file input26.cif (mmCIF, C-alpha atoms)
data_upload
#
loop_
_atom_site.group_PDB
_atom_site.id
_atom_site.type_symbol
_atom_site.label_atom_id
_atom_site.label_comp_id
_atom_site.auth_asym_id
_atom_site.auth_seq_id
_atom_site.Cartn_x
_atom_site.Cartn_y
_atom_site.Cartn_z
ATOM 1 C CA MET A 1 1.805 1.089 -14.826
ATOM 2 C CA ILE A 2 -0.654 0.604 -11.960
ATOM 3 C CA SER A 3 -4.348 0.423 -12.834
ATOM 4 C CA PHE A 4 -7.558 -0.511 -11.073
ATOM 5 C CA LYS A 5 -10.293 -2.669 -12.579
ATOM 6 C CA ARG A 6 -13.706 -2.916 -10.986
ATOM 7 C CA LEU A 7 -14.064 -6.348 -9.405
ATOM 8 C CA ALA A 8 -15.987 -8.751 -11.647
ATOM 9 C CA GLU A 9 -17.386 -12.222 -11.059
ATOM 10 C CA THR A 10 -14.611 -13.643 -13.235
ATOM 11 C CA ASP A 11 -12.051 -12.406 -10.679
ATOM 12 C CA LEU A 12 -13.562 -14.267 -7.742
ATOM 13 C CA GLU A 13 -11.465 -17.422 -7.915
ATOM 14 C CA GLN A 14 -8.266 -15.391 -7.937
ATOM 15 C CA VAL A 15 -9.477 -13.183 -5.100
ATOM 16 C CA LEU A 16 -10.504 -16.213 -3.033
ATOM 17 C CA GLU A 17 -7.057 -17.697 -3.553
ATOM 18 C CA TRP A 18 -5.449 -14.498 -2.285
ATOM 19 C CA ARG A 19 -7.930 -13.929 0.537
ATOM 20 C CA THR A 20 -7.322 -17.378 2.006
ATOM 21 C CA SER A 21 -3.534 -17.194 1.789
ATOM 22 C CA GLU A 22 -1.695 -16.902 5.095
ATOM 23 C CA HIS A 23 -0.008 -13.578 4.390
ATOM 24 C CA VAL A 24 -3.385 -11.946 3.724
ATOM 25 C CA THR A 25 -5.641 -13.585 6.246
ATOM 26 C CA GLN A 26 -3.358 -13.195 9.264
ATOM 27 C CA TYR A 27 -4.379 -9.559 9.784
ATOM 28 C CA MET A 28 -7.984 -9.834 8.624
ATOM 29 C CA TYR A 29 -10.674 -9.732 11.283
ATOM 30 C CA THR A 30 -12.113 -12.983 9.959
ATOM 31 C CA ASP A 31 -10.816 -16.020 8.161
ATOM 32 C CA ILE A 32 -13.040 -17.299 5.390
ATOM 33 C CA GLU A 33 -13.544 -20.744 3.921
ATOM 34 C CA LYS A 34 -12.156 -21.503 0.504
ATOM 35 C CA ASN A 35 -15.651 -21.746 -0.895
ATOM 36 C CA ILE A 36 -16.417 -20.231 -4.280
ATOM 37 C CA ALA A 37 -20.198 -20.423 -3.743
ATOM 38 C CA ASN A 38 -19.880 -18.220 -0.654
ATOM 39 C CA GLN A 39 -17.564 -15.939 -2.567
ATOM 40 C CA LYS A 40 -20.224 -15.503 -5.246
ATOM 41 C CA LYS A 41 -22.837 -14.699 -2.606
ATOM 42 C CA TRP A 42 -20.508 -12.091 -1.134
ATOM 43 C CA PHE A 43 -19.982 -10.649 -4.603
ATOM 44 C CA GLN A 44 -23.741 -10.423 -5.161
ATOM 45 C CA ARG A 45 -24.102 -8.568 -1.864
ATOM 46 C CA ILE A 46 -21.371 -6.017 -2.514
ATOM 47 C CA SER A 47 -22.536 -5.480 -6.095
ATOM 48 C CA GLN A 48 -25.839 -4.137 -4.756
ATOM 49 C CA ASP A 49 -24.296 -2.039 -2.029
ATOM 50 C CA ASP A 50 -23.482 1.566 -2.905
ATOM 51 C CA THR A 51 -21.371 2.031 0.218
ATOM 52 C CA GLN A 52 -18.585 -0.267 -0.896
ATOM 53 C CA TYR A 53 -16.591 -0.684 -4.087
ATOM 54 C CA TYR A 54 -13.833 -3.169 -4.903
ATOM 55 C CA TRP A 55 -11.137 -3.035 -7.562
ATOM 56 C CA ILE A 56 -8.474 -5.457 -8.719
ATOM 57 C CA ILE A 57 -5.037 -3.832 -8.547
ATOM 58 C CA GLN A 58 -3.189 -4.452 -11.791
ATOM 59 C CA TYR A 59 0.428 -3.924 -12.729
ATOM 60 C CA LYS A 60 0.779 -3.872 -16.495
ATOM 61 C CA GLU A 61 -2.665 -5.516 -16.545
ATOM 62 C CA ILE A 62 -1.488 -8.408 -14.346
ATOM 63 C CA PRO A 63 -3.736 -8.794 -11.280
ATOM 64 C CA ILE A 64 -1.655 -8.352 -8.131
ATOM 65 C CA GLY A 65 -4.105 -7.487 -5.363
ATOM 66 C CA LEU A 66 -7.395 -6.032 -4.210
ATOM 67 C CA ILE A 67 -8.336 -2.599 -2.911
ATOM 68 C CA SER A 68 -11.678 -1.285 -1.724
ATOM 69 C CA ILE A 69 -13.560 1.662 -0.367
ATOM 70 C CA ASN A 70 -15.992 0.664 2.359
ATOM 71 C CA GLN A 71 -18.616 2.349 4.489
ATOM 72 C CA LEU A 72 -18.774 5.200 2.001
ATOM 73 C CA ASP A 73 -20.782 7.939 3.677
ATOM 74 C CA CYS A 74 -21.529 10.699 1.180
ATOM 75 C CA HIS A 75 -23.376 12.850 3.709
ATOM 76 C CA ASN A 76 -20.464 13.018 6.147
ATOM 77 C CA LYS A 77 -17.917 12.697 3.346
ATOM 78 C CA LYS A 78 -15.956 9.856 4.885
ATOM 79 C CA ALA A 79 -15.063 6.260 4.152
ATOM 80 C CA THR A 80 -12.786 3.501 5.221
ATOM 81 C CA PHE A 81 -10.804 1.290 2.898
ATOM 82 C CA ALA A 82 -8.935 -1.978 2.677
ATOM 83 C CA TYR A 83 -6.114 -3.298 0.620
ATOM 84 C CA TYR A 84 -3.935 -6.315 0.171
ATOM 85 C CA LEU A 85 -1.342 -7.496 -2.247
ATOM 86 C CA GLY A 86 -2.126 -11.038 -3.316
ATOM 87 C CA ASP A 87 0.995 -11.627 -5.350
ATOM 88 C CA LEU A 88 3.998 -10.998 -3.122
ATOM 89 C CA SER A 89 6.388 -10.940 -6.047
ATOM 90 C CA TYR A 90 5.151 -7.372 -6.514
ATOM 91 C CA SER A 91 5.748 -6.350 -2.908
ATOM 92 C CA LEU A 92 8.297 -3.728 -3.946
ATOM 93 C CA VAL A 93 5.466 -1.592 -5.306
ATOM 94 C CA ALA A 94 3.186 -2.149 -2.300
ATOM 95 C CA GLY A 95 3.923 1.312 -0.977
ATOM 96 C CA ARG A 96 3.039 3.014 -4.246
ATOM 97 C CA ILE A 97 -0.571 1.836 -4.419
ATOM 98 C CA HIS A 98 -2.289 3.758 -1.643
ATOM 99 C CA PRO A 99 -1.766 7.254 -3.093
ATOM 100 C CA TYR A 100 -3.887 6.340 -6.111
ATOM 101 C CA LEU A 101 -6.828 5.607 -3.834
ATOM 102 C CA TYR A 102 -6.256 8.714 -1.717
ATOM 103 C CA ASN A 103 -6.206 10.950 -4.787
ATOM 104 C CA PHE A 104 -9.411 9.344 -6.002
ATOM 105 C CA ALA A 105 -11.065 9.686 -2.581
ATOM 106 C CA PHE A 106 -10.087 13.286 -1.930
ATOM 107 C CA PHE A 107 -10.039 14.836 -5.407
ATOM 108 C CA GLU A 108 -12.782 12.905 -7.208
ATOM 109 C CA LEU A 109 -15.129 11.665 -4.500
ATOM 110 C CA GLU A 110 -14.329 14.837 -2.538
ATOM 111 C CA LEU A 111 -14.296 13.014 0.762
ATOM 112 C CA ASN A 112 -13.178 14.847 3.875
ATOM 113 C CA LYS A 113 -11.768 11.879 5.741
ATOM 114 C CA LEU A 114 -10.479 8.382 5.231
ATOM 115 C CA TYR A 115 -10.111 6.141 8.238
ATOM 116 C CA ALA A 116 -8.525 2.773 8.754
ATOM 117 C CA GLU A 117 -8.421 0.111 11.409
ATOM 118 C CA VAL A 118 -5.279 -1.982 11.754
ATOM 119 C CA MET A 119 -5.047 -5.125 13.835
ATOM 120 C CA GLU A 120 -2.172 -5.356 16.290
ATOM 121 C CA GLY A 121 0.946 -6.881 14.832
ATOM 122 C CA ASN A 122 0.443 -5.392 11.398
ATOM 123 C CA ASP A 123 3.258 -2.928 11.985
ATOM 124 C CA GLY A 124 4.002 -2.477 8.295
ATOM 125 C CA MET A 125 0.511 -1.207 7.587
ATOM 126 C CA MET A 126 0.665 1.179 10.543
ATOM 127 C CA LYS A 127 3.954 2.596 9.285
ATOM 128 C CA MET A 128 2.497 2.960 5.822
ATOM 129 C CA HIS A 129 -0.507 4.908 7.107
ATOM 130 C CA GLN A 130 1.686 7.250 9.102
ATOM 131 C CA PHE A 131 4.025 7.700 6.150
ATOM 132 C CA TYR A 132 1.087 8.984 4.096
ATOM 133 C CA GLY A 133 -0.107 11.429 6.732
ATOM 134 C CA PHE A 134 -2.566 9.411 8.788
ATOM 135 C CA THR A 135 -2.703 10.189 12.469
ATOM 136 C CA HIS A 136 -3.298 7.610 15.143
ATOM 137 C CA ALA A 137 -6.592 8.591 16.714
ATOM 138 C CA ALA A 138 -7.499 5.723 19.012
ATOM 139 C CA THR A 139 -6.753 2.273 20.296
ATOM 140 C CA PHE A 140 -9.685 -0.110 20.480
ATOM 141 C CA LYS A 141 -8.686 -2.497 23.232
ATOM 142 C CA GLN A 142 -9.512 -6.188 22.839
ATOM 143 C CA HIS A 143 -11.565 -5.364 19.760
ATOM 144 C CA ILE A 144 -11.230 -8.576 17.757
ATOM 145 C CA TYR A 145 -11.349 -12.187 18.914
ATOM 146 C CA LYS A 146 -9.252 -14.333 16.643
ATOM 147 C CA TYR A 147 -6.815 -17.213 17.047
ATOM 148 C CA ASP A 148 -8.266 -17.898 20.532
ATOM 149 C CA ARG A 149 -7.499 -14.488 21.975
ATOM 150 C CA TYR A 150 -8.481 -10.835 21.849
ATOM 151 C CA HIS A 151 -6.523 -8.373 19.730
ATOM 152 C CA ASP A 152 -6.244 -4.611 20.011
ATOM 153 C CA VAL A 153 -7.052 -2.553 16.934
ATOM 154 C CA GLN A 154 -5.430 0.774 16.082
ATOM 155 C CA TYR A 155 -7.587 3.449 14.456
ATOM 156 C CA PHE A 156 -6.025 5.922 12.007
ATOM 157 C CA GLU A 157 -7.491 8.821 10.063
ATOM 158 C CA LEU A 158 -6.381 11.023 7.193
ATOM 159 C CA PHE A 159 -8.060 14.308 6.371
ATOM 160 C CA ALA A 160 -8.368 15.791 2.913
ATOM 161 C CA SER A 161 -6.625 18.950 4.091
ATOM 162 C CA THR A 162 -3.578 16.973 5.237
ATOM 163 C CA TRP A 163 -3.367 15.046 1.985
ATOM 164 C CA LYS A 164 -3.797 18.149 -0.138
ATOM 165 C CA GLU A 165 -1.328 20.287 1.781
ATOM 166 C CA ASN A 166 1.342 17.878 3.012
ATOM 167 C CA CYS A 167 1.458 15.140 0.405
ATOM 168 C CA LYS A 168 1.622 17.091 -2.845
ATOM 169 C CA LYS A 169 4.399 14.999 -4.311
ATOM 170 C CA PHE A 170 2.021 12.043 -4.471
ATOM 171 C CA HIS A 171 -0.758 13.894 -6.270
ATOM 172 C CA ARG A 172 0.520 12.811 -9.674
ATOM 173 C CA LEU A 173 -0.270 9.164 -8.843
ATOM 174 C CA THR A 174 -3.751 9.076 -10.298
ATOM 175 C CA ALA A 175 -5.763 6.390 -12.037
ATOM 176 C CA SER A 176 -9.299 5.644 -13.025
ATOM 177 C CA PHE A 177 -11.530 3.898 -10.454
ATOM 178 C CA SER A 178 -14.751 2.907 -12.165
ATOM 179 C CA MET A 179 -17.821 2.913 -9.941
ATOM 180 C CA ASP A 180 -20.255 1.801 -12.677
ATOM 181 C CA MET B 1 29.851 14.089 -0.374
ATOM 182 C CA ASN B 2 29.506 12.389 -3.746
ATOM 183 C CA ASN B 3 26.297 10.767 -4.979
ATOM 184 C CA GLU B 4 27.426 7.257 -4.075
ATOM 185 C CA GLN B 5 28.014 8.296 -0.468
ATOM 186 C CA LYS B 6 24.743 10.192 -0.455
ATOM 187 C CA LEU B 7 22.877 7.116 -1.693
ATOM 188 C CA ARG B 8 24.605 4.863 0.829
ATOM 189 C CA ASN B 9 23.527 7.191 3.628
ATOM 190 C CA ILE B 10 19.956 7.122 2.345
ATOM 191 C CA PHE B 11 19.942 3.319 2.294
ATOM 192 C CA ALA B 12 21.406 3.139 5.804
ATOM 193 C CA GLU B 13 18.848 5.578 7.182
ATOM 194 C CA ALA B 14 15.802 4.239 5.335
ATOM 195 C CA LEU B 15 16.582 0.638 6.189
ATOM 196 C CA GLN B 16 17.935 1.556 9.630
ATOM 197 C CA ILE B 17 21.086 -0.474 9.133
ATOM 198 C CA ASN B 18 24.789 0.185 9.588
ATOM 199 C CA ILE B 19 26.258 1.939 6.574
ATOM 200 C CA ASP B 20 28.892 -0.800 6.274
ATOM 201 C CA LEU B 21 26.119 -3.163 5.187
ATOM 202 C CA VAL B 22 25.279 -0.961 2.206
ATOM 203 C CA VAL B 23 27.246 -2.635 -0.556
ATOM 204 C CA ASP B 24 26.470 -3.285 -4.211
ATOM 205 C CA ASP B 25 25.021 -6.739 -3.629
ATOM 206 C CA LEU B 26 22.726 -5.685 -0.806
ATOM 207 C CA THR B 27 19.371 -6.941 -2.123
ATOM 208 C CA TYR B 28 15.710 -6.609 -1.249
ATOM 209 C CA ASN B 29 14.533 -9.152 1.334
ATOM 210 C CA SER B 30 18.130 -10.332 1.889
ATOM 211 C CA ILE B 31 17.945 -8.707 5.322
ATOM 212 C CA PRO B 32 14.810 -8.369 7.470
ATOM 213 C CA GLU B 33 15.151 -4.570 7.518
ATOM 214 C CA TRP B 34 14.598 -4.250 3.762
ATOM 215 C CA ASP B 35 10.946 -5.170 3.420
ATOM 216 C CA SER B 36 8.173 -3.576 1.371
ATOM 217 C CA ILE B 37 7.529 -0.870 3.976
ATOM 218 C CA ALA B 38 11.192 0.079 4.221
ATOM 219 C CA HIS B 39 11.281 0.126 0.424
ATOM 220 C CA MET B 40 8.525 2.727 0.418
ATOM 221 C CA THR B 41 10.571 4.907 2.777
ATOM 222 C CA LEU B 42 13.689 4.314 0.711
ATOM 223 C CA ILE B 43 11.991 5.400 -2.509
ATOM 224 C CA ALA B 44 10.613 8.526 -0.849
ATOM 225 C CA GLU B 45 14.035 9.439 0.529
ATOM 226 C CA ILE B 46 15.688 8.887 -2.840
ATOM 227 C CA ASP B 47 13.056 11.032 -4.563
ATOM 228 C CA ASN B 48 13.595 13.785 -1.995
ATOM 229 C CA ALA B 49 17.377 13.699 -2.071
ATOM 230 C CA PHE B 50 17.846 13.498 -5.835
ATOM 231 C CA ASP B 51 14.737 15.459 -6.798
ATOM 232 C CA THR B 52 13.331 12.578 -8.813
ATOM 233 C CA MET B 53 9.922 10.927 -9.049
ATOM 234 C CA LEU B 54 10.782 7.342 -9.851
ATOM 235 C CA ASP B 55 8.520 5.510 -12.267
ATOM 236 C CA THR B 56 6.678 2.496 -10.920
ATOM 237 C CA ASP B 57 8.732 0.210 -13.175
ATOM 238 C CA ASP B 58 11.870 1.552 -11.540
ATOM 239 C CA VAL B 59 10.415 1.212 -8.036
ATOM 240 C CA LEU B 60 9.819 -2.470 -8.788
ATOM 241 C CA ASP B 61 13.211 -2.891 -10.389
ATOM 242 C CA MET B 62 15.193 -1.255 -7.582
ATOM 243 C CA SER B 63 15.971 -4.495 -5.808
ATOM 244 C CA SER B 64 19.630 -3.930 -4.904
ATOM 245 C CA PHE B 65 22.002 -1.102 -4.115
ATOM 246 C CA ALA B 66 23.809 -1.652 -7.414
ATOM 247 C CA LYS B 67 20.501 -1.553 -9.271
ATOM 248 C CA ALA B 68 19.575 1.684 -7.512
ATOM 249 C CA LYS B 69 22.675 3.379 -8.922
ATOM 250 C CA GLU B 70 21.934 2.024 -12.376
ATOM 251 C CA ILE B 71 18.352 3.301 -12.248
ATOM 252 C CA LEU B 72 19.293 6.702 -10.884
ATOM 253 C CA ALA B 73 21.765 7.116 -13.726
ATOM 254 C CA LYS B 74 18.720 7.147 -16.046
ATOM 255 C CA TYR B 75 17.534 10.192 -14.111
ATOM 256 C CA ASP B 76 20.851 11.950 -14.763
ATOM 257 C CA VAL B 77 22.313 11.235 -11.338
ATOM 258 C CA GLN B 78 26.028 10.688 -11.856
ATOM 259 C CA PHE B 79 27.962 7.976 -10.013
#
call {"tool": "encode", "arguments": {"input": "input26.cif", "output": "structure tokens"}}
result
Amino acid sequence: MISFKRLAETDLEQVLEWRTSEHVTQYMYTDIEKNIANQKKWFQRISQDDTQYYWIIQYKEIPIGLISINQLDCHNKKATFAYYLGDLSYSLVAGRIHPYLYNFAFFELELNKLYAEVMEGNDGMMKMHQFYGFTHAATFKQHIYKYDRYHDVQYFELFASTWKENCKKFHRLTASFSMD
Amino acid sequence: MNNEQKLRNIFAEALQINIDLVVDDLTYNSIPEWDSIAHMTLIAEIDNAFDTMLDTDDVLDMSSFAKAKEILAKYDVQF
């Protein structure tokens, strides 16, 4: 059973461990220091920000990764999101996690659009977005400077109408996402 | 085409590998083609072909071709 627990301060050490691991950081725009004090400052910032929400992904209550909604724009009904699996021993279920967030975003938050940026080389994530109905809308050339060179970023978007009409078989994958 | 052949075809197409490679001891991550993204495609194709909606426990457990047959048997797919 997949569930989502609102990120708490007690999760920060685990999240920092994941966030600084090679398989996670390689496609992040920035690499961060393994510094729990900075992690706590980041947590304080996001806790007071009503445009972004973070949840620990749990499988049978075991923490396996992190997922978030970011740049939540209630006026224009859009948001972006991020996700990573920290514990690769659960990688077989990696593809089953996104639909929970999409159902929450489109049926509960009633967003019109989710959008995602993917750094070049992260082909798996691009395939996953397209599998779930995202369309490739743009290429941002030389958008990120990392590892001593510029990287292109691919921009994808998924509309509520597409999710509701074309992805019905995934609508049963629902879970609670606390925003309190 | 029986269900075993049908499942072998699904594996070959989802993983984009030659059907001769689809044998009972073909396991997840044993070949570069069977990664977490290919597994997502594989599960979707299995659900479509056999009209199932695999439980998450079974998605996690489906780590070989032999195991796939065993799991599908729980969903009344005969092999």
call {"tool": "interface_residues", "arguments": {"input": "input26.cif", "of": "chain B", "to": "chain A", "cutoff": "7 Å", "atoms": "all atoms listed in the file", "output": "list in words"}}
result
Ser36, Ile37, His39, Met40, Thr56, Val59 and Leu60 of chain B
call {"tool": "resolve_selection", "arguments": {"input": "input26.cif", "expression": "the PyMOL selection byres ((chain A and resi 171) around 12)", "output": "PyMOL selection string"}}
result
(chain A and resi 96+98-107+132+163-170+172-175) or (chain B and resi 53)
call {"tool": "residues_around", "arguments": {"input": "input26.cif", "residues": "region 68-73 of chain B", "least_positions_apart": "6", "cutoff": "8 Å", "atoms": "all atoms listed in the file", "output": "VMD selection string"}}
result
chain B and resid 4 58 62 79
call {"tool": "resolve_selection", "arguments": {"input": "input26.cif", "expression": "the PyMOL selection byres ((chain B and resi 16-24) around 12)", "output": "short mmCIF file (atom, residue, chain, number, x, y, z; two decimals) with C-alpha atoms, in the coordinates of the input"}}
result
data_model
loop_
_atom_site.label_atom_id
_atom_site.label_comp_id
_atom_site.auth_asym_id
_atom_site.auth_seq_id
_atom_site.Cartn_x
_atom_site.Cartn_y
_atom_site.Cartn_z
CA GLU B 4 27.43 7.26 -4.08
CA GLN B 5 28.01 8.30 -0.47
CA LYS B 6 24.74 10.19 -0.46
CA LEU B 7 22.88 7.12 -1.69
CA ARG B 8 24.60 4.86 0.83
CA ASN B 9 23.53 7.19 3.63
CA ILE B 10 19.96 7.12 2.35
CA PHE B 11 19.94 3.32 2.29
CA ALA B 12 21.41 3.14 5.80
CA GLU B 13 18.85 5.58 7.18
CA ALA B 14 15.80 4.24 5.34
CA LEU B 15 16.58 0.64 6.19
CA ASP B 25 25.02 -6.74 -3.63
CA LEU B 26 22.73 -5.68 -0.81
CA THR B 27 19.37 -6.94 -2.12
CA TYR B 28 15.71 -6.61 -1.25
CA SER B 30 18.13 -10.33 1.89
CA ILE B 31 17.94 -8.71 5.32
CA PRO B 32 14.81 -8.37 7.47
CA GLU B 33 15.15 -4.57 7.52
CA TRP B 34 14.60 -4.25 3.76
CA ASP B 35 10.95 -5.17 3.42
CA ALA B 38 11.19 0.08 4.22
CA HIS B 39 11.28 0.13 0.42
CA THR B 41 10.57 4.91 2.78
CA LEU B 42 13.69 4.31 0.71
CA MET B 62 15.19 -1.25 -7.58
CA SER B 63 15.97 -4.50 -5.81
CA SER B 64 19.63 -3.93 -4.90
CA PHE B 65 22.00 -1.10 -4.12
CA ALA B 66 23.81 -1.65 -7.41
CA LYS B 67 20.50 -1.55 -9.27
CA ALA B 68 19.58 1.68 -7.51
CA LYS B 69 22.68 3.38 -8.92
CA GLU B 70 21.93 2.02 -12.38
#
call {"tool": "residues_around", "arguments": {"input": "input26.cif", "residues": "Tyr54 (chain A)", "least_positions_apart": "5", "cutoff": "10 Å", "atoms": "all atoms listed in the file", "output": "ChimeraX atom specification"}}
result
/A:4-8,43,46-47,66-70,81-83,177-179
call {"tool": "resolve_selection", "arguments": {"input": "input26.cif", "expression": "the PyMOL selection byres ((chain A and resi 19-27) around 12)", "output": "NGL selection string"}}
result
:A and (12-18 or 28-36 or 39 or 65-67 or 82-88 or 91 or 117-126 or 144-147 or 151-153)
call {"tool": "atom_distance", "arguments": {"input": "input26.cif", "atom1": "CA of Ala116 (chain A)", "atom2": "CA of Tyr155 (chain A)"}}
result
5.8 Å
call {"tool": "residues_around", "arguments": {"input": "input26.cif", "residues": "Leu72 (chain A)", "least_positions_apart": "6", "cutoff": "9 Å", "atoms": "all atoms listed in the file", "output": "short mmCIF file (atom, residue, chain, number, x, y, z; two decimals) with C-alpha atoms, keeping the file's coordinate frame"}}
result
data_model
loop_
_atom_site.label_atom_id
_atom_site.label_comp_id
_atom_site.auth_asym_id
_atom_site.auth_seq_id
_atom_site.Cartn_x
_atom_site.Cartn_y
_atom_site.Cartn_z
CA ASP A 50 -23.48 1.57 -2.90
CA THR A 51 -21.37 2.03 0.22
CA GLN A 52 -18.58 -0.27 -0.90
CA TYR A 53 -16.59 -0.68 -4.09
CA LYS A 78 -15.96 9.86 4.88
CA ALA A 79 -15.06 6.26 4.15
CA THR A 80 -12.79 3.50 5.22
CA PHE A 81 -10.80 1.29 2.90
#
call {"tool": "atom_distance", "arguments": {"input": "input26.cif", "atom1": "CA of Phe156 (chain A)", "atom2": "CA of Trp55 (chain A)"}}
result
22.1 Å
call {"tool": "residues_around", "arguments": {"input": "input26.cif", "residues": "Phe50 (chain B)", "least_positions_apart": "2", "cutoff": "9 Å", "atoms": "all atoms listed in the file", "output": "PDB file with C-alpha atoms, keeping the file's coordinate frame"}}
result
ATOM      1  CA  ASN B   3      26.297  10.767  -4.979  1.00  0.00           C
ATOM      2  CA  GLU B  45      14.035   9.439   0.529  1.00  0.00           C
ATOM      3  CA  ILE B  46      15.688   8.887  -2.840  1.00  0.00           C
ATOM      4  CA  ASP B  47      13.056  11.032  -4.563  1.00  0.00           C
ATOM      5  CA  ASN B  48      13.595  13.785  -1.995  1.00  0.00           C
ATOM      6  CA  THR B  52      13.331  12.578  -8.813  1.00  0.00           C
ATOM      7  CA  MET B  53       9.922  10.927  -9.049  1.00  0.00           C
ATOM      8  CA  LEU B  72      19.293   6.702 -10.884  1.00  0.00           C
ATOM      9  CA  TYR B  75      17.534  10.192 -14.111  1.00  0.00           C
ATOM     10  CA  VAL B  77      22.313  11.235 -11.338  1.00  0.00           C
TER      11      VAL B  77
END
call {"tool": "atom_distance", "arguments": {"input": "input26.cif", "atom1": "CA of Asn112 (chain A)", "atom2": "CA of Ser161 (chain A)"}}
result
7.7 Å
call {"tool": "axis_aligned_box", "arguments": {"input": "input26.cif", "around": "region 21-40 of chain B", "padding_each_side": "3 Å", "output": "AutoDock Vina command-line options"}}
result
--center_x 17.4 --center_y -3.8 --center_z 1.7 --size_x 25.7 --size_y 19.1 --size_z 17.7
